[in-house]
$ cat work.cif   # mmCIF, C-alpha atoms and all ligand atoms
data_upload
loop_
_atom_site.group_PDB
_atom_site.id
_atom_site.type_symbol
_atom_site.label_atom_id
_atom_site.label_comp_id
_atom_site.auth_asym_id
_atom_site.auth_seq_id
_atom_site.Cartn_x
_atom_site.Cartn_y
_atom_site.Cartn_z
ATOM 1 C CA MET A 25 28.894 33.883 -111.656
ATOM 2 C CA ARG A 26 28.673 37.701 -111.368
ATOM 3 C CA ALA A 27 27.939 39.368 -108.032
ATOM 4 C CA ARG A 28 24.797 40.986 -109.450
ATOM 5 C CA ALA A 29 23.248 37.634 -110.375
ATOM 6 C CA LEU A 30 24.170 36.027 -107.055
ATOM 7 C CA VAL A 31 22.589 38.899 -105.118
ATOM 8 C CA ALA A 32 19.422 38.711 -107.238
ATOM 9 C CA GLU A 33 19.167 34.950 -106.703
ATOM 10 C CA ALA A 34 19.697 35.320 -102.928
ATOM 11 C CA THR A 35 17.207 38.185 -102.682
ATOM 12 C CA ASN A 36 14.527 35.982 -104.240
ATOM 13 C CA THR A 37 15.375 33.097 -101.885
ATOM 14 C CA LEU A 38 15.090 35.378 -98.849
ATOM 15 C CA LYS A 39 11.877 37.006 -100.111
ATOM 16 C CA ALA A 40 10.282 33.572 -100.371
ATOM 17 C CA SER A 41 11.254 32.564 -96.832
ATOM 18 C CA PRO A 42 8.327 32.259 -94.384
ATOM 19 C CA SER A 43 10.778 32.405 -91.464
ATOM 20 C CA ILE A 44 11.904 35.984 -92.075
ATOM 21 C CA ASP A 45 9.959 39.063 -91.004
ATOM 22 C CA HIS A 46 9.601 41.051 -94.243
ATOM 23 C CA TRP A 47 8.873 44.304 -92.412
ATOM 24 C CA GLN A 48 11.334 46.611 -94.153
ATOM 25 C CA LYS A 49 11.441 47.464 -97.842
ATOM 26 C CA SER A 50 14.524 46.000 -99.580
ATOM 27 C CA ARG A 51 15.574 44.193 -96.394
ATOM 28 C CA GLU A 52 16.236 40.949 -98.298
ATOM 29 C CA ARG A 53 18.433 42.643 -100.896
ATOM 30 C CA TYR A 54 20.367 44.477 -98.198
ATOM 31 C CA GLU A 55 20.950 41.195 -96.331
ATOM 32 C CA ALA A 56 22.033 39.391 -99.525
ATOM 33 C CA ARG A 57 24.617 42.122 -100.199
ATOM 34 C CA ASP A 58 25.748 42.020 -96.590
ATOM 35 C CA LEU A 59 26.320 38.238 -96.718
ATOM 36 C CA LEU A 60 28.152 38.465 -100.030
ATOM 37 C CA ALA A 61 30.463 41.142 -98.609
ATOM 38 C CA PHE A 62 31.059 38.877 -95.586
ATOM 39 C CA VAL A 63 31.993 35.941 -97.816
ATOM 40 C CA MET A 64 34.332 38.186 -99.818
ATOM 41 C CA GLY A 65 36.176 39.198 -96.642
ATOM 42 C CA GLY A 66 34.374 42.443 -95.803
ATOM 43 C CA ALA A 67 34.161 44.602 -98.914
ATOM 44 C CA GLU A 68 31.139 44.395 -101.189
ATOM 45 C CA PRO A 69 32.182 43.361 -104.721
ATOM 46 C CA GLU A 70 31.236 45.449 -107.752
ATOM 47 C CA PRO A 71 28.026 44.159 -109.397
ATOM 48 C CA ASP A 72 30.047 43.012 -112.439
ATOM 49 C CA ALA A 73 32.731 41.228 -110.398
ATOM 50 C CA LYS A 74 33.114 37.503 -111.102
ATOM 51 C CA ILE A 75 32.733 35.528 -107.870
ATOM 52 C CA PRO A 76 34.893 32.388 -107.643
ATOM 53 C CA ARG A 77 32.886 29.161 -107.497
ATOM 54 C CA VAL A 78 34.018 28.236 -103.964
ATOM 55 C CA ARG A 79 32.918 31.582 -102.579
ATOM 56 C CA ALA A 80 29.646 31.512 -104.493
ATOM 57 C CA GLU A 81 28.865 28.102 -102.975
ATOM 58 C CA ARG A 82 29.752 29.340 -99.492
ATOM 59 C CA PHE A 83 27.498 32.358 -100.065
ATOM 60 C CA ARG A 84 24.593 30.136 -101.123
ATOM 61 C CA GLY A 85 25.098 28.071 -97.964
ATOM 62 C CA LEU A 86 24.854 31.163 -95.764
ATOM 63 C CA VAL A 87 21.784 32.401 -97.635
ATOM 64 C CA ALA A 88 20.151 29.003 -97.052
ATOM 65 C CA ARG A 89 20.871 29.363 -93.322
ATOM 66 C CA ARG A 90 19.377 32.854 -93.296
ATOM 67 C CA ALA A 91 16.288 31.545 -95.119
ATOM 68 C CA THR A 92 15.644 29.244 -92.128
ATOM 69 C CA GLY A 93 15.359 32.414 -90.013
ATOM 70 C CA GLU A 94 18.836 32.325 -88.437
ATOM 71 C CA PRO A 95 19.724 35.943 -87.587
ATOM 72 C CA ILE A 96 22.556 37.416 -89.680
ATOM 73 C CA PRO A 97 24.673 38.302 -86.597
ATOM 74 C CA TYR A 98 24.641 34.627 -85.524
ATOM 75 C CA ILE A 99 25.768 33.652 -89.033
ATOM 76 C CA LYS A 100 28.550 36.254 -89.168
ATOM 77 C CA GLY A 101 29.493 35.947 -85.484
ATOM 78 C CA HIS A 102 29.386 39.690 -84.964
ATOM 79 C CA THR A 103 27.344 42.856 -85.432
ATOM 80 C CA GLU A 104 27.907 46.589 -85.175
ATOM 81 C CA PHE A 105 26.513 48.716 -82.370
ATOM 82 C CA ARG A 106 27.187 52.471 -82.203
ATOM 83 C CA GLY A 107 30.340 52.022 -84.249
ATOM 84 C CA ILE A 108 31.826 49.150 -82.259
ATOM 85 C CA GLU A 109 32.067 45.539 -83.349
ATOM 86 C CA MET A 110 30.246 43.256 -80.912
ATOM 87 C CA LEU A 111 30.788 39.505 -80.961
ATOM 88 C CA VAL A 112 27.542 37.539 -81.006
ATOM 89 C CA THR A 113 26.890 33.886 -80.136
ATOM 90 C CA PRO A 114 23.736 31.762 -80.195
ATOM 91 C CA GLY A 115 22.172 31.666 -76.731
ATOM 92 C CA VAL A 116 22.655 35.409 -76.163
ATOM 93 C CA PHE A 117 20.280 38.163 -77.334
ATOM 94 C CA VAL A 118 21.406 39.888 -80.538
ATOM 95 C CA PRO A 119 22.080 43.639 -80.048
ATOM 96 C CA ARG A 120 19.485 45.690 -81.954
ATOM 97 C CA ASP A 121 19.969 48.969 -83.809
ATOM 98 C CA SER A 122 16.930 50.286 -81.921
ATOM 99 C CA SER A 123 18.874 50.090 -78.625
ATOM 100 C CA GLU A 124 21.397 52.634 -79.891
ATOM 101 C CA PHE A 125 18.945 55.317 -78.788
ATOM 102 C CA LEU A 126 19.032 54.002 -75.201
ATOM 103 C CA ALA A 127 22.841 54.115 -75.226
ATOM 104 C CA GLU A 128 22.770 57.637 -76.667
ATOM 105 C CA GLN A 129 20.489 58.828 -73.842
ATOM 106 C CA ALA A 130 22.838 57.330 -71.246
ATOM 107 C CA VAL A 131 25.940 58.898 -72.826
ATOM 108 C CA ARG A 132 24.270 62.329 -72.842
ATOM 109 C CA ARG A 133 23.524 62.130 -69.115
ATOM 110 C CA LEU A 134 26.951 60.764 -68.106
ATOM 111 C CA ARG A 135 29.357 62.891 -70.141
ATOM 112 C CA GLY A 136 29.099 66.048 -68.051
ATOM 113 C CA ARG A 137 29.650 64.300 -64.691
ATOM 114 C CA LYS A 138 32.962 64.195 -62.841
ATOM 115 C CA ALA A 139 33.232 60.502 -61.934
ATOM 116 C CA PRO A 140 30.181 58.944 -63.554
ATOM 117 C CA VAL A 141 28.868 55.529 -62.580
ATOM 118 C CA HIS A 142 26.725 53.545 -65.004
ATOM 119 C CA VAL A 143 24.894 50.248 -64.516
ATOM 120 C CA ASP A 144 23.418 48.302 -67.441
ATOM 121 C CA LEU A 145 20.939 45.731 -66.141
ATOM 122 C CA ALA A 146 20.135 42.688 -68.293
ATOM 123 C CA THR A 147 23.191 43.565 -70.350
ATOM 124 C CA GLY A 148 23.161 40.543 -72.699
ATOM 125 C CA ALA A 149 26.295 40.709 -74.873
ATOM 126 C CA GLY A 150 27.283 43.841 -72.912
ATOM 127 C CA THR A 151 25.536 45.976 -75.503
ATOM 128 C CA ILE A 152 24.691 49.275 -73.779
ATOM 129 C CA ALA A 153 27.464 48.976 -71.173
ATOM 130 C CA LEU A 154 30.192 48.693 -73.805
ATOM 131 C CA ALA A 155 28.850 51.527 -75.944
ATOM 132 C CA VAL A 156 28.885 53.760 -72.841
ATOM 133 C CA ALA A 157 32.372 52.578 -71.793
ATOM 134 C CA ASN A 158 33.586 53.383 -75.301
ATOM 135 C CA GLU A 159 32.032 56.844 -75.459
ATOM 136 C CA VAL A 160 32.519 57.931 -71.825
ATOM 137 C CA PRO A 161 35.910 56.380 -70.943
ATOM 138 C CA LYS A 162 36.026 58.043 -67.514
ATOM 139 C CA ALA A 163 32.798 56.255 -66.470
ATOM 140 C CA ASP A 164 32.799 53.276 -64.116
ATOM 141 C CA VAL A 165 30.608 50.844 -66.005
ATOM 142 C CA TYR A 166 28.927 47.703 -64.641
ATOM 143 C CA GLY A 167 26.735 45.200 -66.456
ATOM 144 C CA THR A 168 24.682 42.367 -64.975
ATOM 145 C CA ASP A 169 22.675 39.518 -66.423
ATOM 146 C CA LEU A 170 21.026 36.368 -65.120
ATOM 147 C CA SER A 171 22.660 34.349 -67.902
ATOM 148 C CA GLY A 172 26.213 33.072 -67.441
ATOM 149 C CA ASP A 173 26.574 32.768 -71.235
ATOM 150 C CA ALA A 174 25.680 36.438 -71.624
ATOM 151 C CA ILE A 175 28.209 37.566 -68.996
ATOM 152 C CA ARG A 176 30.986 35.430 -70.499
ATOM 153 C CA LEU A 177 30.271 36.990 -73.896
ATOM 154 C CA ALA A 178 30.085 40.510 -72.423
ATOM 155 C CA ARG A 179 33.548 40.057 -70.845
ATOM 156 C CA LYS A 180 34.905 38.759 -74.139
ATOM 157 C CA ASN A 181 33.380 41.760 -75.894
ATOM 158 C CA ALA A 182 35.008 44.170 -73.436
ATOM 159 C CA ARG A 183 38.413 42.679 -74.380
ATOM 160 C CA HIS A 184 37.471 42.673 -78.069
ATOM 161 C CA VAL A 185 36.464 46.344 -78.033
ATOM 162 C CA GLY A 186 39.314 47.286 -75.686
ATOM 163 C CA VAL A 187 37.263 49.105 -73.036
ATOM 164 C CA ARG A 188 36.945 48.963 -69.262
ATOM 165 C CA ALA A 189 33.734 47.502 -67.799
ATOM 166 C CA THR A 190 32.845 45.055 -65.016
ATOM 167 C CA PHE A 191 30.346 42.277 -65.702
ATOM 168 C CA ARG A 192 28.606 40.159 -63.044
ATOM 169 C CA THR A 193 26.050 37.368 -63.145
ATOM 170 C CA GLY A 194 22.954 37.920 -61.033
ATOM 171 C CA ASP A 195 19.224 38.410 -60.837
ATOM 172 C CA LEU A 196 18.480 42.081 -61.575
ATOM 173 C CA PHE A 197 20.707 44.121 -59.153
ATOM 174 C CA GLY A 198 21.869 40.901 -57.448
ATOM 175 C CA GLY A 199 25.353 40.803 -58.979
ATOM 176 C CA LEU A 200 26.343 44.368 -58.108
ATOM 177 C CA PRO A 201 28.816 45.249 -55.341
ATOM 178 C CA GLY A 202 26.996 46.795 -52.352
ATOM 179 C CA LYS A 203 29.325 49.824 -52.427
ATOM 180 C CA LEU A 204 27.390 51.099 -55.475
ATOM 181 C CA LYS A 205 24.218 51.698 -53.432
ATOM 182 C CA GLY A 206 23.195 55.352 -53.743
ATOM 183 C CA ARG A 207 26.053 56.059 -56.199
ATOM 184 C CA VAL A 208 24.780 55.122 -59.646
ATOM 185 C CA ASP A 209 24.208 58.080 -61.997
ATOM 186 C CA VAL A 210 22.486 56.204 -64.790
ATOM 187 C CA ILE A 211 20.825 52.798 -64.868
ATOM 188 C CA THR A 212 19.961 51.516 -68.334
ATOM 189 C CA VAL A 213 17.829 48.486 -68.985
ATOM 190 C CA HIS A 214 16.439 46.780 -72.064
ATOM 191 C CA PRO A 215 14.300 44.198 -70.282
ATOM 192 C CA PRO A 216 12.594 41.073 -71.548
ATOM 193 C CA TYR A 217 9.248 42.857 -72.038
ATOM 194 C CA VAL A 218 7.141 40.536 -74.171
ATOM 195 C CA ALA A 219 4.163 39.073 -72.275
ATOM 196 C CA GLU A 220 4.214 35.286 -72.056
ATOM 197 C CA HIS A 221 1.136 34.844 -74.303
ATOM 198 C CA GLU A 222 2.622 37.165 -76.961
ATOM 199 C CA ILE A 223 5.639 34.938 -77.661
ATOM 200 C CA VAL A 224 3.704 32.888 -80.238
ATOM 201 C CA ASP A 225 3.076 36.047 -82.289
ATOM 202 C CA LEU A 226 6.774 36.933 -82.625
ATOM 203 C CA PRO A 227 8.426 36.303 -86.001
ATOM 204 C CA ASP A 228 10.145 32.905 -86.315
ATOM 205 C CA GLU A 229 13.522 34.573 -86.701
ATOM 206 C CA ILE A 230 13.173 35.790 -83.108
ATOM 207 C CA LYS A 231 11.210 33.113 -81.268
ATOM 208 C CA GLU A 232 12.952 30.164 -82.919
ATOM 209 C CA TRP A 233 16.465 31.538 -82.429
ATOM 210 C CA GLU A 234 16.737 33.743 -79.351
ATOM 211 C CA PRO A 235 16.364 32.157 -75.891
ATOM 212 C CA VAL A 236 12.930 32.707 -74.410
ATOM 213 C CA HIS A 237 14.330 34.182 -71.152
ATOM 214 C CA THR A 238 15.744 37.069 -73.203
ATOM 215 C CA LEU A 239 12.289 37.879 -74.591
ATOM 216 C CA THR A 240 9.756 37.449 -71.788
ATOM 217 C CA ASP A 241 9.677 37.726 -68.002
ATOM 218 C CA ASN A 242 6.785 35.191 -68.082
ATOM 219 C CA SER A 243 4.338 37.793 -66.792
ATOM 220 C CA GLY A 244 0.851 38.257 -68.195
ATOM 221 C CA ASP A 245 1.487 41.864 -69.255
ATOM 222 C CA GLY A 246 5.252 42.024 -69.911
ATOM 223 C CA LEU A 247 5.691 44.420 -66.995
ATOM 224 C CA GLY A 248 6.963 42.060 -64.278
ATOM 225 C CA PHE A 249 10.664 42.833 -64.795
ATOM 226 C CA VAL A 250 9.789 46.509 -65.293
ATOM 227 C CA ARG A 251 7.989 46.739 -61.928
ATOM 228 C CA ARG A 252 10.800 44.975 -60.053
ATOM 229 C CA THR A 253 13.366 47.334 -61.572
ATOM 230 C CA ILE A 254 11.317 50.410 -60.664
ATOM 231 C CA GLU A 255 10.954 49.145 -57.093
ATOM 232 C CA GLU A 256 14.642 48.317 -56.587
ATOM 233 C CA ALA A 257 16.373 51.047 -58.627
ATOM 234 C CA PRO A 258 15.958 53.983 -56.159
ATOM 235 C CA ALA A 259 18.241 52.288 -53.586
ATOM 236 C CA TRP A 260 21.081 52.200 -56.158
ATOM 237 C CA LEU A 261 20.639 55.601 -57.804
ATOM 238 C CA SER A 262 22.510 58.738 -56.742
ATOM 239 C CA LYS A 263 20.460 61.786 -55.758
ATOM 240 C CA LYS A 264 20.437 63.085 -59.326
ATOM 241 C CA GLY A 265 20.420 59.640 -60.896
ATOM 242 C CA TRP A 266 18.303 58.506 -63.832
ATOM 243 C CA LEU A 267 16.606 55.258 -64.763
ATOM 244 C CA LEU A 268 16.398 54.773 -68.555
ATOM 245 C CA MET A 269 14.301 51.900 -69.832
ATOM 246 C CA GLU A 270 13.848 50.647 -73.387
ATOM 247 C CA THR A 271 10.428 49.348 -74.292
ATOM 248 C CA ASP A 272 8.287 48.835 -77.353
ATOM 249 C CA PRO A 273 6.094 51.712 -78.539
ATOM 250 C CA ASP A 274 2.868 49.873 -77.613
ATOM 251 C CA ARG A 275 3.954 49.439 -74.000
ATOM 252 C CA ALA A 276 5.514 52.874 -73.434
ATOM 253 C CA ARG A 277 2.395 54.388 -71.847
ATOM 254 C CA ASP A 278 2.133 51.523 -69.308
ATOM 255 C CA VAL A 279 5.839 51.715 -68.495
ATOM 256 C CA LYS A 280 5.562 55.482 -68.008
ATOM 257 C CA ARG A 281 2.661 54.942 -65.601
ATOM 258 C CA GLU A 282 4.755 52.442 -63.596
ATOM 259 C CA PHE A 283 7.568 55.027 -63.303
ATOM 260 C CA VAL A 284 5.089 57.613 -61.971
ATOM 261 C CA VAL A 285 3.522 55.125 -59.535
ATOM 262 C CA GLY A 286 7.065 54.294 -58.355
ATOM 263 C CA GLY A 287 7.619 57.986 -57.446
ATOM 264 C CA PHE A 288 10.105 58.797 -60.260
ATOM 265 C CA ARG A 289 10.300 62.462 -61.291
ATOM 266 C CA ASP A 290 10.555 64.167 -64.688
ATOM 267 C CA VAL A 291 9.174 61.031 -66.300
ATOM 268 C CA GLU A 292 9.072 61.147 -70.083
ATOM 269 C CA SER A 293 8.760 58.729 -72.951
ATOM 270 C CA THR A 294 11.129 59.677 -75.699
ATOM 271 C CA LYS A 295 11.074 58.949 -79.406
ATOM 272 C CA GLY A 296 14.168 58.088 -81.326
ATOM 273 C CA GLY A 297 16.009 55.756 -83.658
ATOM 274 C CA GLU A 298 15.475 55.412 -87.366
ATOM 275 C CA LEU A 299 11.716 54.903 -86.999
ATOM 276 C CA LYS A 300 11.219 57.828 -84.573
ATOM 277 C CA VAL A 301 8.877 55.874 -82.305
ATOM 278 C CA THR A 302 8.752 55.836 -78.504
ATOM 279 C CA ARG A 303 11.442 53.486 -77.323
ATOM 280 C CA VAL A 304 12.841 54.792 -74.053
ATOM 281 C CA VAL A 305 11.096 55.876 -70.859
ATOM 282 C CA VAL A 306 13.227 58.002 -68.516
ATOM 283 C CA GLY A 307 12.789 59.212 -64.933
ATOM 284 C CA ARG A 308 14.785 60.749 -62.075
ATOM 285 C CA ARG A 309 15.188 59.029 -58.734
ATOM 286 C CA PRO A 310 12.279 59.590 -56.337
ATOM 287 C CA ARG A 311 13.068 62.090 -53.528
HETATM 288 C C1 LIG B 401 15.993 41.958 -74.360
HETATM 289 S S1 LIG B 401 17.488 41.249 -73.790
HETATM 290 C C2 LIG B 401 18.531 42.691 -73.746
HETATM 291 C C3 LIG B 401 20.000 42.406 -73.813
HETATM 292 C C4 LIG B 401 20.882 43.652 -73.995
HETATM 293 N N1 LIG B 401 20.629 44.647 -72.974
HETATM 294 C C5 LIG B 401 20.690 44.256 -75.365
HETATM 295 O O1 LIG B 401 19.979 45.262 -75.477
HETATM 296 O O2 LIG B 401 21.253 43.728 -76.328
HETATM 297 C C6 LIG B 401 17.081 40.944 -72.090
HETATM 298 C C7 LIG B 401 18.192 40.371 -71.220
HETATM 299 O O3 LIG B 401 17.659 40.200 -69.886
HETATM 300 C C8 LIG B 401 18.313 39.102 -69.275
HETATM 301 N N2 LIG B 401 17.504 38.706 -68.097
HETATM 302 C C9 LIG B 401 16.320 38.062 -68.078
HETATM 303 N N3 LIG B 401 15.861 37.945 -66.814
HETATM 304 C C10 LIG B 401 16.794 38.546 -66.004
HETATM 305 C C11 LIG B 401 16.886 38.763 -64.597
HETATM 306 N N4 LIG B 401 15.931 38.345 -63.761
HETATM 307 N N5 LIG B 401 17.964 39.425 -64.120
HETATM 308 C C12 LIG B 401 18.951 39.853 -64.973
HETATM 309 N N6 LIG B 401 18.907 39.678 -66.320
HETATM 310 C C13 LIG B 401 17.838 39.034 -66.823
HETATM 311 C C14 LIG B 401 18.398 38.080 -70.392
HETATM 312 O O4 LIG B 401 19.384 37.095 -70.141
HETATM 313 C C15 LIG B 401 18.740 39.004 -71.598
HETATM 314 O O5 LIG B 401 20.130 39.080 -71.784
#
$ encode --input "work.cif" --output "structure tokens"
Amino acid sequence: MRARALVAEATNTLKASPSIDHWQKSRERYEARDLLAFVMGGAEPEPDAKIPRVRAERFRGLVARRATGEPIPYIKGHTEFRGIEMLVTPGVFVPRDSSEFLAEQAVRRLRGRKAPVHVDLATGAGTIALAVANEVPKADVYGTDLSGDAIRLARKNARHVGVRATFRTGDLFGGLPGKLKGRVDVITVHPPYVAEHEIVDLPDEIKEWEPVHTLTDNSGDGLGFVRRTIEEAPAWLSKKGWLLMETDPDRARDVKREFVVGGFRDVESTKGGELKVTRVVVGRRPR
């Protein structure tokens, strides 16, 4: 069978799937091409290329998995984040393109410093921490997460990417060495910010596949983790340190208010990423 026909068939299968969020135009076709390239060893075949039967069958199997809602990075075992290949395993949150903006904001604030220190709370697969370690090699980078699976994967990713970063298990700041108190230049965090009652409204491909503790802090407004971070962060930040927090556009105003209530200065919500919507709230350490 030709590549063109296989992609068309897969696109139709994915379009018909009730488990996929069809939010982006041509998403299904893009994913079909991505899976075919994966099956062919990385490079996308020409539309007229004849695909051997064994590979075509393997491709159909992967498309069937995707049609159940399984995220592509879980199927492929990896994804790309700011130009680095991150390994991904079920049980750990999948790095999102939208978080690249958070990493970019951290890199901008760390590059000019002499001996920068960065902490990535709730690091998951090590996403933001490893992007920073890759782009600011002189930085001392730490990542923490409550999940042992996440920290094991983050350490594996550090070896995979070939960068220097320290990962610790712990609740919020719990896993960090005490010597970092008052010395951290940038704290990044992409928290579980979905309110408990909102979980049911998430697309199947998220709520059926990613662990619930990566999505919600079980609070009624999705701001429980946010408030704890704002309360505890000042003790860890250096005098000119920044807290950078990813959120969803609908919650940005509430998160910004929490920063102000917590005494943070120069608080702003910033727009970025492909969709140019508010994704990151930033603030300087309170005096
Ligand atoms: C939305 S995911 C973000 C993961 C990663 N930063 C990323 O952007 O790919 C939230 C992460 O918070 C972690 N988490 C949840 N509660 C936590 C807590 N109390 N302390 C530390 N990490 C926590 C979860 O295990 C999960 O990895």
$ closest_residue --input "work.cif" --among "A:Phe288, A:Tyr166, A:Phe249, A:Trp233" --to "Arg90 of chain A" --atoms "all atoms listed in the file"
A:Trp233
$ axis_aligned_box --input "work.cif" --around "ligand LIG 401 (chain B)" --padding-each-side "5 Å" --output "JSON"
{"center_x": 18.6, "center_y": 41.2, "center_z": -70.0, "size_x": 15.4, "size_y": 18.2, "size_z": 22.6}
$ residues_around --input "work.cif" --residues "segment 26-30 of chain A" --least-positions-apart "5" --cutoff "7 Å" --atoms "only C-alpha atoms" --output "list in words"
Pro69, Glu70, Pro71, Asp72, Ala73, Lys74 and Ile75 of chain A
$ residues_around --input "work.cif" --residues "Lys295 of chain A" --least-positions-apart "5" --cutoff "9 Å" --atoms "all atoms listed in the file" --output "MDAnalysis selection string"
chainID A and resid 125 273 300:304
$ resolve_selection --input "work.cif" --expression "the PyMOL selection byres (((chain A and resi 187-202) around 10) and not hetatm)" --output "PyMOL selection string"
chain A and resi 142-147+150+153-159+161-179+181-186+203-206+213+215+249+252-253+256-257+260
$ closest_residue --input "work.cif" --among "A:Thr240, A:Ser293, A:Thr37, A:Thr113" --to "Arg277 of chain A" --atoms "only C-alpha atoms"
A:Ser293
$ atom_distance --input "work.cif" --atom1 "atom CA of Gly136 of chain A" --atom2 "atom CA of Val208 of chain A"
14.4 Å
$ decode --input "work.cif" --residues "segment 243-250 of chain A" --atoms "all heavy atoms" --output "mmCIF file, in the first residue's frame"
data_model
loop_
_atom_site.group_PDB
_atom_site.id
_atom_site.type_symbol
_atom_site.label_atom_id
_atom_site.label_comp_id
_atom_site.auth_asym_id
_atom_site.auth_seq_id
_atom_site.Cartn_x
_atom_site.Cartn_y
_atom_site.Cartn_z
ATOM 1 N N SER A 243 -8.289 20.546 44.994
ATOM 2 C CA SER A 243 -8.946 21.704 45.607
ATOM 3 C C SER A 243 -10.198 22.052 44.811
ATOM 4 O O SER A 243 -10.380 21.605 43.674
ATOM 5 C CB SER A 243 -7.995 22.905 45.620
ATOM 6 O OG SER A 243 -7.696 23.281 44.293
ATOM 7 N N GLY A 244 -11.042 22.886 45.398
ATOM 8 C CA GLY A 244 -12.293 23.257 44.749
ATOM 9 C C GLY A 244 -12.089 24.276 43.638
ATOM 10 O O GLY A 244 -12.952 24.434 42.775
ATOM 11 N N ASP A 245 -10.953 24.994 43.665
ATOM 12 C CA ASP A 245 -10.746 26.039 42.652
ATOM 13 C C ASP A 245 -9.452 25.870 41.844
ATOM 14 O O ASP A 245 -9.121 26.730 41.018
ATOM 15 C CB ASP A 245 -10.757 27.425 43.310
ATOM 16 C CG ASP A 245 -9.693 27.569 44.392
ATOM 17 O OD1 ASP A 245 -8.889 26.617 44.591
ATOM 18 O OD2 ASP A 245 -9.642 28.616 45.052
ATOM 19 N N GLY A 246 -8.718 24.784 42.091
ATOM 20 C CA GLY A 246 -7.474 24.553 41.343
ATOM 21 C C GLY A 246 -6.327 25.444 41.796
ATOM 22 O O GLY A 246 -5.278 25.497 41.152
ATOM 23 N N LEU A 247 -6.511 26.116 42.935
ATOM 24 C CA LEU A 247 -5.479 27.069 43.374
ATOM 25 C C LEU A 247 -4.773 26.628 44.663
ATOM 26 O O LEU A 247 -3.990 27.390 45.230
ATOM 27 C CB LEU A 247 -6.105 28.455 43.587
ATOM 28 C CG LEU A 247 -6.649 29.133 42.317
ATOM 29 C CD1 LEU A 247 -7.412 30.403 42.682
ATOM 30 C CD2 LEU A 247 -5.519 29.458 41.355
ATOM 31 N N GLY A 248 -5.039 25.412 45.119
ATOM 32 C CA GLY A 248 -4.440 24.948 46.373
ATOM 33 C C GLY A 248 -2.919 24.863 46.286
ATOM 34 O O GLY A 248 -2.195 25.399 47.131
ATOM 35 N N PHE A 249 -2.424 24.205 45.247
ATOM 36 C CA PHE A 249 -0.976 24.061 45.038
ATOM 37 C C PHE A 249 -0.351 25.440 44.791
ATOM 38 O O PHE A 249 0.737 25.754 45.280
ATOM 39 C CB PHE A 249 -0.759 23.127 43.838
ATOM 40 C CG PHE A 249 0.651 22.673 43.625
ATOM 41 C CD1 PHE A 249 1.018 21.341 43.818
ATOM 42 C CD2 PHE A 249 1.626 23.568 43.200
ATOM 43 C CE1 PHE A 249 2.322 20.923 43.608
ATOM 44 C CE2 PHE A 249 2.932 23.152 42.978
ATOM 45 C CZ PHE A 249 3.273 21.826 43.183
ATOM 46 N N VAL A 250 -1.085 26.260 44.051
ATOM 47 C CA VAL A 250 -0.617 27.617 43.713
ATOM 48 C C VAL A 250 -0.389 28.417 45.002
ATOM 49 O O VAL A 250 0.674 29.023 45.209
ATOM 50 C CB VAL A 250 -1.682 28.317 42.820
ATOM 51 C CG1 VAL A 250 -1.387 29.794 42.648
ATOM 52 C CG2 VAL A 250 -1.800 27.608 41.473
#
